$ cat my_file-v1.cif   # mmCIF, C-alpha atoms (C1' of nucleotides)
data_coords
loop_
_atom_site.label_atom_id
_atom_site.label_comp_id
_atom_site.auth_asym_id
_atom_site.auth_seq_id
_atom_site.Cartn_x
_atom_site.Cartn_y
_atom_site.Cartn_z
CA MET A 1 0.10 4.95 -11.71
CA THR A 2 2.94 6.62 -9.84
CA LEU A 3 1.91 10.02 -11.16
CA GLN A 4 -1.42 9.50 -9.43
CA TYR A 5 0.32 9.18 -6.08
CA ALA A 6 2.47 12.22 -6.74
CA LEU A 7 -0.69 14.25 -7.41
CA LEU A 8 -2.48 12.82 -4.37
CA GLY A 9 0.60 13.59 -2.27
CA PHE A 10 0.44 17.26 -3.20
CA LEU A 11 -3.36 17.47 -2.99
CA ASN A 12 -3.05 16.14 0.55
CA TYR A 13 -1.68 19.58 1.49
CA GLY A 14 -4.78 21.30 0.11
CA PRO A 15 -7.01 21.86 -2.95
CA MET A 16 -5.20 22.82 -6.16
CA THR A 17 -5.57 23.04 -9.92
CA GLY A 18 -3.70 20.96 -12.48
CA TYR A 19 -1.69 24.02 -13.36
CA ASP A 20 -0.67 24.48 -9.73
CA LEU A 21 0.33 20.82 -9.51
CA LYS A 22 2.52 21.19 -12.57
CA LYS A 23 4.34 24.07 -10.93
CA LEU A 24 4.89 22.06 -7.77
CA LEU A 25 6.23 19.13 -9.78
CA ASP A 26 8.58 21.53 -11.56
CA THR A 27 9.88 23.22 -8.45
CA SER A 28 9.81 20.49 -5.79
CA THR A 29 10.21 17.04 -7.28
CA GLN A 30 11.67 17.67 -10.73
CA MET A 31 14.88 15.83 -9.80
CA PHE A 32 13.05 12.54 -9.21
CA TRP A 33 9.56 12.99 -10.71
CA HIS A 34 7.92 15.23 -13.29
CA ALA A 35 5.08 15.28 -15.82
CA GLU A 36 3.62 17.40 -18.57
CA LEU A 37 0.24 19.13 -18.33
CA SER A 38 -0.99 16.89 -21.11
CA GLN A 39 -0.51 13.95 -18.76
CA ILE A 40 -1.71 15.70 -15.60
CA TYR A 41 -5.10 16.88 -16.84
CA PRO A 42 -6.38 13.49 -18.06
CA GLN A 43 -4.96 11.84 -14.92
CA LEU A 44 -6.92 14.21 -12.68
CA LYS A 45 -10.07 13.53 -14.67
CA LYS A 46 -9.57 9.81 -14.20
CA MET A 47 -8.97 10.27 -10.49
CA GLU A 48 -12.20 12.20 -10.19
CA LYS A 49 -14.13 9.40 -11.89
CA GLU A 50 -12.62 6.97 -9.38
CA GLY A 51 -13.62 9.13 -6.41
CA LEU A 52 -10.09 9.95 -5.28
CA VAL A 53 -10.67 13.69 -5.74
CA THR A 54 -13.55 16.13 -6.24
CA VAL A 55 -13.62 19.24 -8.45
CA MET A 56 -14.83 22.77 -7.95
CA CYS A 57 -14.80 25.32 -10.74
CA GLU A 58 -13.88 28.91 -10.07
CA PRO A 59 -14.92 31.08 -13.03
CA GLN A 60 -12.43 33.61 -14.36
CA ALA A 61 -12.72 36.43 -16.88
CA GLY A 62 -10.98 35.75 -20.19
CA LYS A 63 -9.33 32.53 -18.97
CA PRO A 64 -10.65 28.99 -18.57
CA ASP A 65 -12.15 28.32 -15.14
CA ARG A 66 -9.69 27.32 -12.46
CA LYS A 67 -10.63 23.75 -11.56
CA TYR A 68 -9.75 23.08 -7.95
CA TYR A 69 -9.21 19.45 -7.07
CA THR A 70 -9.73 18.31 -3.49
CA ILE A 71 -8.57 14.96 -2.12
CA THR A 72 -11.38 12.77 -0.73
CA PRO A 73 -11.15 10.48 2.34
CA HIS A 74 -10.90 7.58 -0.10
CA GLY A 75 -8.10 9.37 -1.96
CA ARG A 76 -6.28 9.95 1.29
CA ALA A 77 -6.65 6.26 2.18
CA VAL A 78 -5.26 5.21 -1.21
CA LEU A 79 -2.32 7.59 -0.78
CA LEU A 80 -1.53 6.33 2.72
CA GLN A 81 -1.77 2.77 1.51
CA TRP A 82 0.81 3.45 -1.20
CA LEU A 83 3.09 5.37 1.14
CA SER A 84 3.03 2.44 3.58
CA GLU A 85 4.15 -0.12 1.03
CA PRO A 86 7.65 -1.48 1.59
CA LEU A 87 10.37 0.25 -0.42
CA ASP A 88 11.60 -2.83 -2.22
CA GLU A 89 13.12 -1.28 -5.34
CA VAL A 90 16.86 -1.05 -5.56
CA LEU A 91 17.77 1.53 -8.15
CA PRO A 92 16.25 3.84 -10.73
CA ASP A 93 16.52 1.59 -13.74
CA LYS A 94 17.41 3.66 -16.81
CA ASP A 95 20.40 5.91 -17.25
CA PRO A 96 21.20 6.84 -20.87
CA VAL A 97 24.52 8.38 -19.85
CA LEU A 98 25.78 5.06 -18.48
CA LEU A 99 24.52 3.21 -21.53
CA HIS A 100 26.43 5.66 -23.65
CA LEU A 101 29.60 5.10 -21.66
CA PHE A 102 29.15 1.35 -21.76
CA PHE A 103 29.84 1.40 -25.51
CA ALA A 104 32.28 4.32 -25.42
CA GLY A 105 35.21 2.02 -26.19
CA ALA A 106 34.29 2.46 -29.86
CA LEU A 107 35.13 6.19 -29.69
CA ASN A 108 38.51 7.86 -29.69
CA LYS A 109 40.08 9.14 -26.51
CA GLN A 110 39.50 12.85 -27.14
CA VAL A 111 35.79 12.49 -27.84
CA ILE A 112 35.30 10.43 -24.69
CA LEU A 113 37.25 12.90 -22.60
CA SER A 114 35.24 15.85 -23.84
CA GLN A 115 32.02 13.98 -23.07
CA LEU A 116 33.16 13.24 -19.54
CA ARG A 117 34.31 16.82 -19.03
CA LEU A 118 30.88 18.08 -20.08
CA GLN A 119 29.25 15.73 -17.56
CA LEU A 120 31.64 17.01 -14.91
CA GLU A 121 30.66 20.58 -15.65
CA LEU A 122 26.96 19.80 -15.59
CA ARG A 123 27.16 17.96 -12.29
CA ARG A 124 29.21 20.70 -10.68
CA ALA A 125 26.60 23.23 -11.76
CA TYR A 126 23.85 20.95 -10.46
CA LEU A 127 25.58 20.54 -7.09
CA SER A 128 25.91 24.26 -6.64
CA ARG A 129 22.20 24.68 -7.40
CA VAL A 130 21.28 21.99 -4.87
CA GLU A 131 23.52 23.53 -2.19
CA GLY A 132 22.30 27.04 -2.96
CA GLU A 133 18.88 27.72 -4.46
CA VAL A 134 17.33 24.39 -3.58
CA ALA A 135 18.48 24.47 0.04
CA GLY A 136 17.16 28.03 0.35
CA PHE A 137 13.86 27.15 -1.26
CA ILE A 138 13.31 24.30 1.19
CA GLN A 139 14.11 26.45 4.23
CA GLU A 140 11.83 29.17 2.92
CA THR A 141 9.02 26.68 2.32
CA ILE A 142 9.38 25.28 5.83
CA ARG A 143 9.30 28.82 7.25
CA VAL A 144 6.23 29.84 5.27
CA THR A 145 4.19 26.66 5.67
CA GLY A 146 5.44 25.60 9.10
CA GLN A 147 5.78 22.03 7.81
CA LYS A 148 8.65 21.00 10.07
CA ARG A 149 8.04 17.28 9.96
CA ASP A 150 7.71 17.15 6.18
CA GLY A 151 10.59 19.57 5.84
CA LEU A 152 12.88 17.03 7.47
CA PHE A 153 12.25 14.69 4.54
CA TRP A 154 12.62 17.38 1.92
CA GLU A 155 15.98 18.31 3.37
CA LEU A 156 17.01 14.65 3.62
CA ILE A 157 16.21 14.12 -0.05
CA ARG A 158 18.09 17.27 -0.99
CA ARG A 159 21.16 16.02 0.87
CA TYR A 160 20.84 12.67 -0.87
CA GLY A 161 20.94 14.44 -4.22
CA ALA A 162 23.92 16.48 -3.13
CA GLU A 163 25.85 13.43 -1.88
CA GLN A 164 25.12 11.41 -5.03
CA THR A 165 26.26 14.33 -7.14
CA ARG A 166 29.46 14.76 -5.13
CA THR A 167 30.14 11.06 -5.67
CA SER A 168 29.57 11.45 -9.41
CA ILE A 169 31.96 14.38 -9.52
CA ALA A 170 34.73 12.51 -7.69
CA TRP A 171 34.19 9.49 -9.95
CA LEU A 172 34.29 11.61 -13.11
CA GLU A 173 37.53 13.27 -11.99
CA GLU A 174 39.14 9.89 -11.43
CA ALA A 175 37.73 8.47 -14.66
CA ILE A 176 39.14 11.38 -16.66
CA GLN A 177 42.58 10.95 -15.12
CA LEU A 178 42.53 7.23 -15.68
CA ILE A 179 41.52 7.56 -19.32
CA GLU A 180 44.13 10.25 -19.94
CA LYS A 181 46.82 7.88 -18.68
CA GLU A 182 45.64 4.40 -19.58
CA LEU A 183 43.84 4.79 -22.87
CA SER A 184 45.62 4.90 -26.18
CA MET B 1 14.99 5.10 -29.67
CA THR B 2 17.59 4.42 -26.96
CA LEU B 3 16.87 0.70 -27.08
CA GLN B 4 17.92 0.78 -30.72
CA TYR B 5 21.35 2.06 -29.76
CA ALA B 6 21.70 -0.51 -27.02
CA LEU B 7 21.00 -3.26 -29.55
CA LEU B 8 23.35 -1.74 -32.13
CA GLY B 9 26.02 -1.43 -29.44
CA PHE B 10 25.87 -5.15 -28.74
CA LEU B 11 25.53 -6.16 -32.40
CA ASN B 12 28.70 -4.17 -33.04
CA TYR B 13 30.56 -7.01 -31.27
CA GLY B 14 29.11 -9.58 -33.68
CA PRO B 15 25.93 -11.16 -35.11
CA MET B 16 23.33 -12.24 -32.56
CA THR B 17 19.68 -13.21 -32.15
CA GLY B 18 17.05 -11.27 -30.23
CA TYR B 19 17.19 -13.92 -27.54
CA ASP B 20 20.96 -13.50 -27.20
CA LEU B 21 20.53 -9.73 -26.95
CA LYS B 22 17.98 -10.13 -24.18
CA LYS B 23 20.46 -12.22 -22.21
CA LEU B 24 23.16 -9.60 -22.67
CA LEU B 25 20.81 -6.86 -21.53
CA ASP B 26 19.98 -8.96 -18.47
CA THR B 27 23.55 -9.74 -17.51
CA SER B 28 25.52 -6.68 -18.61
CA THR B 29 23.40 -3.54 -18.57
CA GLN B 30 20.45 -4.44 -16.37
CA MET B 31 21.47 -1.80 -13.79
CA PHE B 32 21.03 1.05 -16.26
CA TRP B 33 19.14 -0.40 -19.25
CA HIS B 34 16.87 -3.36 -19.92
CA ALA B 35 14.00 -4.47 -22.16
CA GLU B 36 11.57 -7.33 -22.64
CA LEU B 37 11.65 -9.66 -25.63
CA SER B 38 8.29 -8.27 -26.69
CA GLN B 39 10.01 -4.94 -27.21
CA ILE B 40 13.25 -6.32 -28.66
CA TYR B 41 11.77 -8.42 -31.48
CA PRO B 42 9.69 -5.65 -33.07
CA GLN B 43 12.57 -3.21 -32.63
CA LEU B 44 14.94 -5.51 -34.54
CA LYS B 45 12.38 -5.90 -37.29
CA LYS B 46 12.11 -2.15 -37.57
CA MET B 47 15.89 -1.80 -37.67
CA GLU B 48 16.08 -4.29 -40.48
CA LYS B 49 13.54 -2.33 -42.51
CA GLU B 50 15.69 0.76 -41.99
CA GLY B 51 18.85 -0.97 -43.15
CA LEU B 52 20.66 -0.80 -39.81
CA VAL B 53 20.93 -4.60 -39.59
CA THR B 54 20.52 -7.66 -41.82
CA VAL B 55 19.04 -11.05 -40.90
CA MET B 56 20.09 -14.62 -41.54
CA CYS B 57 17.94 -17.54 -40.48
CA GLU B 58 19.49 -20.67 -39.07
CA PRO B 59 16.93 -23.49 -39.09
CA GLN B 60 16.57 -25.60 -35.97
CA ALA B 61 14.66 -28.80 -35.29
CA GLY B 62 11.62 -28.36 -33.05
CA LYS B 63 12.41 -24.73 -32.26
CA PRO B 64 11.82 -21.55 -34.24
CA ASP B 65 14.75 -20.60 -36.48
CA ARG B 66 17.51 -18.65 -34.83
CA LYS B 67 17.48 -15.28 -36.57
CA TYR B 68 20.95 -13.80 -36.54
CA TYR B 69 21.10 -10.05 -36.87
CA THR B 70 24.24 -8.44 -38.29
CA ILE B 71 25.02 -4.73 -38.05
CA THR B 72 25.45 -2.99 -41.43
CA PRO B 73 27.95 -0.21 -42.22
CA HIS B 74 25.03 2.19 -42.03
CA GLY B 75 24.05 0.76 -38.65
CA ARG B 76 27.59 1.21 -37.42
CA ALA B 77 27.61 4.82 -38.62
CA VAL B 78 24.32 5.51 -36.82
CA LEU B 79 25.70 3.96 -33.63
CA LEU B 80 28.93 5.97 -33.78
CA GLN B 81 26.94 9.11 -34.43
CA TRP B 82 24.88 8.53 -31.30
CA LEU B 83 27.91 7.63 -29.20
CA SER B 84 29.63 10.86 -30.28
CA GLU B 85 26.77 13.09 -29.16
CA PRO B 86 27.57 15.25 -26.15
CA LEU B 87 26.45 13.83 -22.81
CA ASP B 88 24.23 16.73 -21.80
CA GLU B 89 21.81 15.00 -19.44
CA VAL B 90 22.22 15.57 -15.76
CA LEU B 91 20.45 12.84 -13.89
CA PRO B 92 18.23 9.82 -14.44
CA ASP B 93 14.88 11.49 -13.97
CA LYS B 94 12.52 9.16 -12.13
CA ASP B 95 13.05 7.56 -8.76
CA PRO B 96 9.90 6.19 -7.10
CA VAL B 97 11.75 5.60 -3.82
CA LEU B 98 12.54 9.31 -3.49
CA LEU B 99 9.00 10.25 -4.43
CA HIS B 100 7.78 7.93 -1.72
CA LEU B 101 10.09 9.52 0.82
CA PHE B 102 9.10 13.01 -0.26
CA PHE B 103 5.61 12.43 1.16
CA ALA B 104 6.71 10.17 4.00
CA GLY B 105 5.92 12.87 6.57
CA ALA B 106 2.35 11.58 6.49
CA LEU B 107 3.45 8.22 7.94
CA ASN B 108 4.37 7.36 11.49
CA LYS B 109 7.97 7.05 12.60
CA GLN B 110 8.09 3.27 12.84
CA VAL B 111 6.74 2.65 9.34
CA ILE B 112 9.25 5.11 7.87
CA LEU B 113 12.11 3.53 9.78
CA SER B 114 11.24 0.04 8.62
CA GLN B 115 11.06 1.27 5.03
CA LEU B 116 14.47 2.87 5.29
CA ARG B 117 15.93 -0.22 6.95
CA LEU B 118 14.65 -2.36 4.08
CA GLN B 119 16.30 0.00 1.59
CA LEU B 120 19.52 -0.22 3.59
CA GLU B 121 19.42 -4.01 3.46
CA LEU B 122 18.73 -4.07 -0.28
CA ARG B 123 21.53 -1.64 -1.07
CA ARG B 124 24.01 -3.53 1.07
CA ALA B 125 23.11 -6.73 -0.76
CA TYR B 126 23.41 -4.92 -4.07
CA LEU B 127 26.84 -3.54 -3.17
CA SER B 128 28.16 -6.95 -2.26
CA ARG B 129 26.92 -8.31 -5.61
CA VAL B 130 28.62 -5.47 -7.47
CA GLU B 131 31.88 -5.98 -5.59
CA GLY B 132 31.71 -9.75 -5.98
CA GLU B 133 29.86 -11.42 -8.85
CA VAL B 134 29.75 -8.41 -11.12
CA ALA B 135 33.45 -7.59 -10.72
CA GLY B 136 34.28 -11.23 -11.40
CA PHE B 137 32.02 -11.39 -14.42
CA ILE B 138 33.68 -8.33 -15.95
CA GLN B 139 37.20 -9.67 -15.40
CA GLU B 140 36.16 -13.01 -16.84
CA THR B 141 34.60 -11.34 -19.89
CA ILE B 142 37.73 -9.28 -20.49
CA ARG B 143 39.86 -12.43 -20.19
CA VAL B 144 37.68 -14.46 -22.57
CA THR B 145 37.06 -11.77 -25.18
CA GLY B 146 40.34 -9.87 -24.87
CA GLN B 147 38.37 -6.59 -24.92
CA LYS B 148 40.77 -4.56 -22.80
CA ARG B 149 39.78 -1.14 -24.05
CA ASP B 150 36.05 -1.78 -23.65
CA GLY B 151 36.70 -3.54 -20.36
CA LEU B 152 38.09 -0.32 -18.96
CA PHE B 153 34.65 1.27 -19.38
CA TRP B 154 32.76 -1.71 -18.02
CA GLU B 155 34.89 -1.59 -14.91
CA LEU B 156 34.52 2.17 -14.63
CA ILE B 157 30.74 1.85 -14.77
CA ARG B 158 30.82 -0.93 -12.19
CA ARG B 159 32.81 1.27 -9.84
CA TYR B 160 30.37 4.10 -10.42
CA GLY B 161 27.53 1.83 -9.32
CA ALA B 162 29.52 0.71 -6.30
CA GLU B 163 30.35 4.28 -5.25
CA GLN B 164 26.78 5.48 -5.68
CA THR B 165 25.56 2.56 -3.62
CA ARG B 166 28.10 3.23 -0.87
CA THR B 167 26.88 6.82 -0.79
CA SER B 168 23.27 5.62 -0.51
CA ILE B 169 24.19 3.34 2.34
CA ALA B 170 25.98 6.05 4.30
CA TRP B 171 23.06 8.41 3.69
CA LEU B 172 20.50 5.83 4.80
CA GLU B 173 22.45 5.14 7.99
CA GLU B 174 22.50 8.84 8.81
CA ALA B 175 18.88 9.32 7.84
CA ILE B 176 17.79 6.48 10.13
CA GLN B 177 19.74 7.91 13.06
CA LEU B 178 18.38 11.37 12.46
CA ILE B 179 14.79 10.17 12.26
CA GLU B 180 15.18 8.06 15.38
CA LYS B 181 16.31 11.14 17.30
CA GLU B 182 14.48 14.06 15.71
CA LEU B 183 11.11 12.68 14.71
CA SER B 184 8.23 12.38 17.15
"C1'" DC C 1 6.45 -34.88 -14.09
"C1'" DA C 2 6.81 -30.08 -13.35
"C1'" DA C 3 9.75 -26.14 -14.10
"C1'" DG C 4 12.71 -23.69 -16.67
"C1'" DG C 5 15.41 -22.79 -20.80
"C1'" DC C 6 15.30 -22.28 -25.75
"C1'" DA C 7 13.30 -19.40 -29.59
"C1'" DT C 8 10.07 -17.05 -31.90
"C1'" DG C 9 6.46 -13.73 -31.87
"C1'" DT C 10 1.42 -10.89 -31.36
"C1'" DA C 11 -2.11 -8.05 -28.84
"C1'" DA C 12 -3.66 -5.03 -25.57
"C1'" DA C 13 -2.96 -1.73 -22.32
"C1'" DT C 14 -0.46 1.85 -20.04
"C1'" DC C 15 2.80 5.50 -19.66
"C1'" DG C 16 4.94 9.50 -21.45
"C1'" DT C 17 6.27 13.14 -24.93
"C1'" DT C 18 5.43 16.39 -28.56
"C1'" DA C 19 2.54 19.04 -31.19
"C1'" DC C 20 -1.56 21.57 -31.64
"C1'" DA C 21 -5.53 24.79 -30.15
"C1'" DT C 22 -7.59 28.93 -27.67
"C1'" DG C 23 -7.26 33.55 -25.87
"C1'" DA C 24 -6.53 37.20 -22.40
"C1'" DT C 25 -2.90 39.46 -19.52
"C1'" DT C 26 1.61 40.69 -18.14
"C1'" DT C 27 6.51 41.46 -18.67
"C1'" DA C 28 10.83 42.52 -21.17
"C1'" DT D 1 5.75 43.98 -30.13
"C1'" DA D 2 7.33 39.56 -29.06
"C1'" DA D 3 7.55 36.35 -25.45
"C1'" DA D 4 6.11 34.47 -21.26
"C1'" DT D 5 2.39 33.45 -17.85
"C1'" DC D 6 -2.13 31.99 -16.93
"C1'" DA D 7 -5.47 28.01 -17.69
"C1'" DT D 8 -7.67 24.63 -19.95
"C1'" DG D 9 -7.42 20.74 -22.87
"C1'" DT D 10 -7.07 17.05 -27.33
"C1'" DA D 11 -4.54 14.10 -30.76
"C1'" DA D 12 -0.97 11.52 -32.37
"C1'" DC D 13 2.85 9.10 -31.63
"C1'" DG D 14 6.37 6.47 -29.30
"C1'" DA D 15 8.07 3.68 -25.40
"C1'" DT D 16 7.28 0.05 -22.22
"C1'" DT D 17 4.85 -3.61 -19.73
"C1'" DT D 18 1.87 -7.57 -19.26
"C1'" DA D 19 -0.48 -11.23 -21.03
"C1'" DC D 20 -0.99 -14.65 -24.39
"C1'" DA D 21 0.58 -18.40 -27.83
"C1'" DT D 22 3.51 -22.38 -29.56
"C1'" DG D 23 6.31 -26.44 -28.79
"C1'" DC D 24 10.51 -29.04 -27.90
"C1'" DC D 25 14.26 -30.26 -24.80
"C1'" DT D 26 16.70 -30.44 -20.44
"C1'" DT D 27 17.13 -30.36 -15.53
"C1'" DG D 28 15.59 -31.18 -10.76
#
$ encode --input "my_file-v1.cif" --output "structure tokens"
Amino acid sequence: MTLQYALLGFLNYGPMTGYDLKKLLDTSTQMFWHAELSQIYPQLKKMEKEGLVTVMCEPQAGKPDRKYYTITPHGRAVLLQWLSEPLDEVLPDKDPVLLHLFFAGALNKQVILSQLRLQLELRRAYLSRVEGEVAGFIQETIRVTGQKRDGLFWELIRRYGAEQTRTSIAWLEEAIQLIEKELS
Amino acid sequence: MTLQYALLGFLNYGPMTGYDLKKLLDTSTQMFWHAELSQIYPQLKKMEKEGLVTVMCEPQAGKPDRKYYTITPHGRAVLLQWLSEPLDEVLPDKDPVLLHLFFAGALNKQVILSQLRLQLELRRAYLSRVEGEVAGFIQETIRVTGQKRDGLFWELIRRYGAEQTRTSIAWLEEAIQLIEKELS
DNA sequence: CAAGGCATGTAAATCGTTACATGATTTA
DNA sequence: TAAATCATGTAACGATTTACATGCCTTG
């Protein structure tokens, strides 16, 4: 169901194909939402049947037609309805890395340390991407589209990701030190 | 597949029933992993067929038998194998709250602010639970079970949750101020 | 006396991933 | 010339949720 709202959210900016939507999911929301084409295409079909979007085919030579989906007034109403719902969830609920760590006591010190060091590396790399590329991409998108109001939220979310990652990094550094000292 | 490792991880402490495992998932790992009984029971059955666990039935009057599952040497090997794998994931990948916020530009200022204020409230409540109840529960569990080594990881994960939540809170406070000032 | 805990499950539906299929064009 | 991009999809499988089913015992 949530994927539906993600698609409606993007279609609210203008008509697009499933392929276009996939690219937007990959470049804009991949840190907190994504989907495969094999999920997107059937979802769009379902949304059309429910009157949330309409389709227009643009023939192409040698390729399948581009199928442009346009959000309907009803689709827009459904999107706004969802967006207006109170944000009453507390946390994203599955994190395999933490589950891993929860049982890590069964491993020896060196294996655990190398796992944590890999995480540290990955998160540092991620942070530098968020502070570099991602920040630039958002500014560029705001410049090109003139979406200042929406851009405020994009930038806010980017900063959230950066702050969470910084916190992870600091925690990993401490955890590594602690384990080096305290664990036998 | 991950649920399997969660169950093996707990069964590695000793034989248990599906019902017991559900309670452990609810009290110990609910912040980063959980499952319903309707998923746990079939999963255990499957694990038995694969030789990861064995079952022993303890008859009860008026209730279904308690079915105790015991981890096998093979099960332990499979668990250790999984635990030893490098932690190469970067982030938990779906967060409906962020997706919501990503499209929040379509809403009016007051609705957005009340949504963010609700999030702030929820995260503050969550933090106080993590710093209170949860911390106490971990200390108590370490005291009762004598699992000092494992307890180190439980406490580390708890602190991770607390730090991430503190970061969320600070970010939400800033975001609310910014939106109050900058947004029309 | 109703609600919740104990203890087991099954069935149906939804959500999501991976693999497969086509076929032209562009890039390395 | 191999791989990636464009553009559509289907099929099979696996993961997860929700609803249903039983029946006793304990707590409010």
$ residues_around --input "my_file-v1.cif" --residues "Lys22 (chain B)" --least-positions-apart "6" --cutoff "12 Å" --atoms "only C-alpha atoms (C1' of nucleotides)" --output "PyMOL selection string"
(chain B and resi 3+6-7+10-11+16+28-30+33-41+44) or (chain C and resi 7)
$ write_last_selection --input "my_file-v1.cif" --atoms "C-alpha atoms (C1' of nucleotides)" --output "short mmCIF file (atom, residue, chain, number, x, y, z; two decimals), keeping the file's coordinate frame"
data_model
loop_
_atom_site.label_atom_id
_atom_site.label_comp_id
_atom_site.auth_asym_id
_atom_site.auth_seq_id
_atom_site.Cartn_x
_atom_site.Cartn_y
_atom_site.Cartn_z
CA LEU B 3 16.87 0.70 -27.08
CA ALA B 6 21.70 -0.51 -27.02
CA LEU B 7 21.00 -3.26 -29.55
CA PHE B 10 25.87 -5.15 -28.74
CA LEU B 11 25.53 -6.16 -32.40
CA MET B 16 23.33 -12.24 -32.56
CA SER B 28 25.52 -6.68 -18.61
CA THR B 29 23.40 -3.54 -18.57
CA GLN B 30 20.45 -4.44 -16.37
CA TRP B 33 19.14 -0.40 -19.25
CA HIS B 34 16.87 -3.36 -19.92
CA ALA B 35 14.00 -4.47 -22.16
CA GLU B 36 11.57 -7.33 -22.64
CA LEU B 37 11.65 -9.66 -25.63
CA SER B 38 8.29 -8.27 -26.69
CA GLN B 39 10.01 -4.94 -27.21
CA ILE B 40 13.25 -6.32 -28.66
CA TYR B 41 11.77 -8.42 -31.48
CA LEU B 44 14.94 -5.51 -34.54
"C1'" DA C 7 13.30 -19.40 -29.59
#
$ atom_distance --input "my_file-v1.cif" --atom1 "CA of Leu172 (chain A)" --atom2 "CA of Tyr160 (chain B)"
8.9 Å
$ resolve_selection --input "my_file-v1.cif" --expression "the PyMOL selection byres ((chain D) within 10 of (chain A))" --output "PDB file with C-alpha atoms (C1' of nucleotides), keeping the file's coordinate frame"
ATOM      1  C1'  DC D   6      -2.130  31.990 -16.930  1.00  0.00           C
ATOM      2  C1'  DA D   7      -5.470  28.010 -17.690  1.00  0.00           C
ATOM      3  C1'  DT D   8      -7.670  24.630 -19.950  1.00  0.00           C
ATOM      4  C1'  DG D   9      -7.420  20.740 -22.870  1.00  0.00           C
ATOM      5  C1'  DT D  10      -7.070  17.050 -27.330  1.00  0.00           C
TER       6       DT D  10
END
$ resolve_selection --input "my_file-v1.cif" --expression "the PyMOL selection byres ((chain A and resi 169) around 10)" --output "PyMOL selection string"
chain A and resi 119-124+127+163-168+170-175
$ closest_residue --input "my_file-v1.cif" --among "B:Ser128, B:Thr2, B:Thr141, B:Thr70" --to "DG14 (chain D)" --atoms "all atoms listed in the file"
B:Thr2
$ residues_around --input "my_file-v1.cif" --residues "Tyr69 (chain A)" --least-positions-apart "3" --cutoff "7 Å" --atoms "only C-alpha atoms (C1' of nucleotides)" --output "list in words"
Pro15, Met16, Thr17, Val53, Thr54, Val55 and Met56 of chain A
$ closest_residue --input "my_file-v1.cif" --among "A:Ala125, A:Ala61, A:Val90, A:Ile176" --to "chain C" --atoms "only C-alpha atoms (C1' of nucleotides)"
A:Ala61
$ residues_around --input "my_file-v1.cif" --residues "Glu180 (chain B)" --least-positions-apart "2" --cutoff "12 Å" --atoms "all atoms listed in the file" --output "list in words"
Asn108, Lys109, Gln110, Val111, Ile112, Leu113, Ser114, Leu116, Arg117, Glu173, Glu174, Ala175, Ile176, Gln177, Leu178, Glu182, Leu183 and Ser184 of chain B
$ closest_atom_pairs --input "my_file-v1.cif" --of "chain C" --to "chain A" --cutoff "10 Å" --atoms "all atoms listed in the file" --output "JSON lines"
{"residue": "C:DT14", "atom": "C1'", "partner": "A:Met1", "partner_atom": "CA", "distance": 8.9}
{"residue": "C:DC15", "atom": "C1'", "partner": "A:Met1", "partner_atom": "CA", "distance": 8.4}
{"residue": "C:DG16", "atom": "C1'", "partner": "A:Gln39", "partner_atom": "CA", "distance": 7.5}
{"residue": "C:DT17", "atom": "C1'", "partner": "A:Glu36", "partner_atom": "CA", "distance": 8.1}
{"residue": "C:DT18", "atom": "C1'", "partner": "A:Ser38", "partner_atom": "CA", "distance": 9.8}
{"residue": "C:DT22", "atom": "C1'", "partner": "A:Lys63", "partner_atom": "CA", "distance": 9.6}
{"residue": "C:DG23", "atom": "C1'", "partner": "A:Gly62", "partner_atom": "CA", "distance": 7.1}
{"residue": "C:DA24", "atom": "C1'", "partner": "A:Gly62", "partner_atom": "CA", "distance": 5.2}
{"residue": "C:DT25", "atom": "C1'", "partner": "A:Gly62", "partner_atom": "CA", "distance": 8.9}
$ atom_distance --input "my_file-v1.cif" --atom1 "CA of Asp95 (chain A)" --atom2 "CA of Asp93 (chain B)"
8.5 Å
$ residues_near_point --input "my_file-v1.cif" --point "(-0.2, -8.0, -22.3)" --cutoff "10 Å" --atoms "only C-alpha atoms (C1' of nucleotides)" --output "list in words"
Ser38 of chain B; DT10, DA11, DA12 and DA13 of chain C; DT17, DT18, DA19 and DC20 of chain D
$ atom_distance --input "my_file-v1.cif" --atom1 "CA of Leu156 (chain B)" --atom2 "CA of Leu99 (chain A)"
12.2 Å
$ closest_residue --input "my_file-v1.cif" --among "A:Ser84, A:Gln43, A:Thr27, A:Thr145" --to "chain B" --atoms "all atoms listed in the file"
A:Ser84
$ closest_residue --input "my_file-v1.cif" --among "B:Val97, B:Leu21, B:Ala135, B:Leu8" --to "chain A" --atoms "all atoms listed in the file"
B:Val97
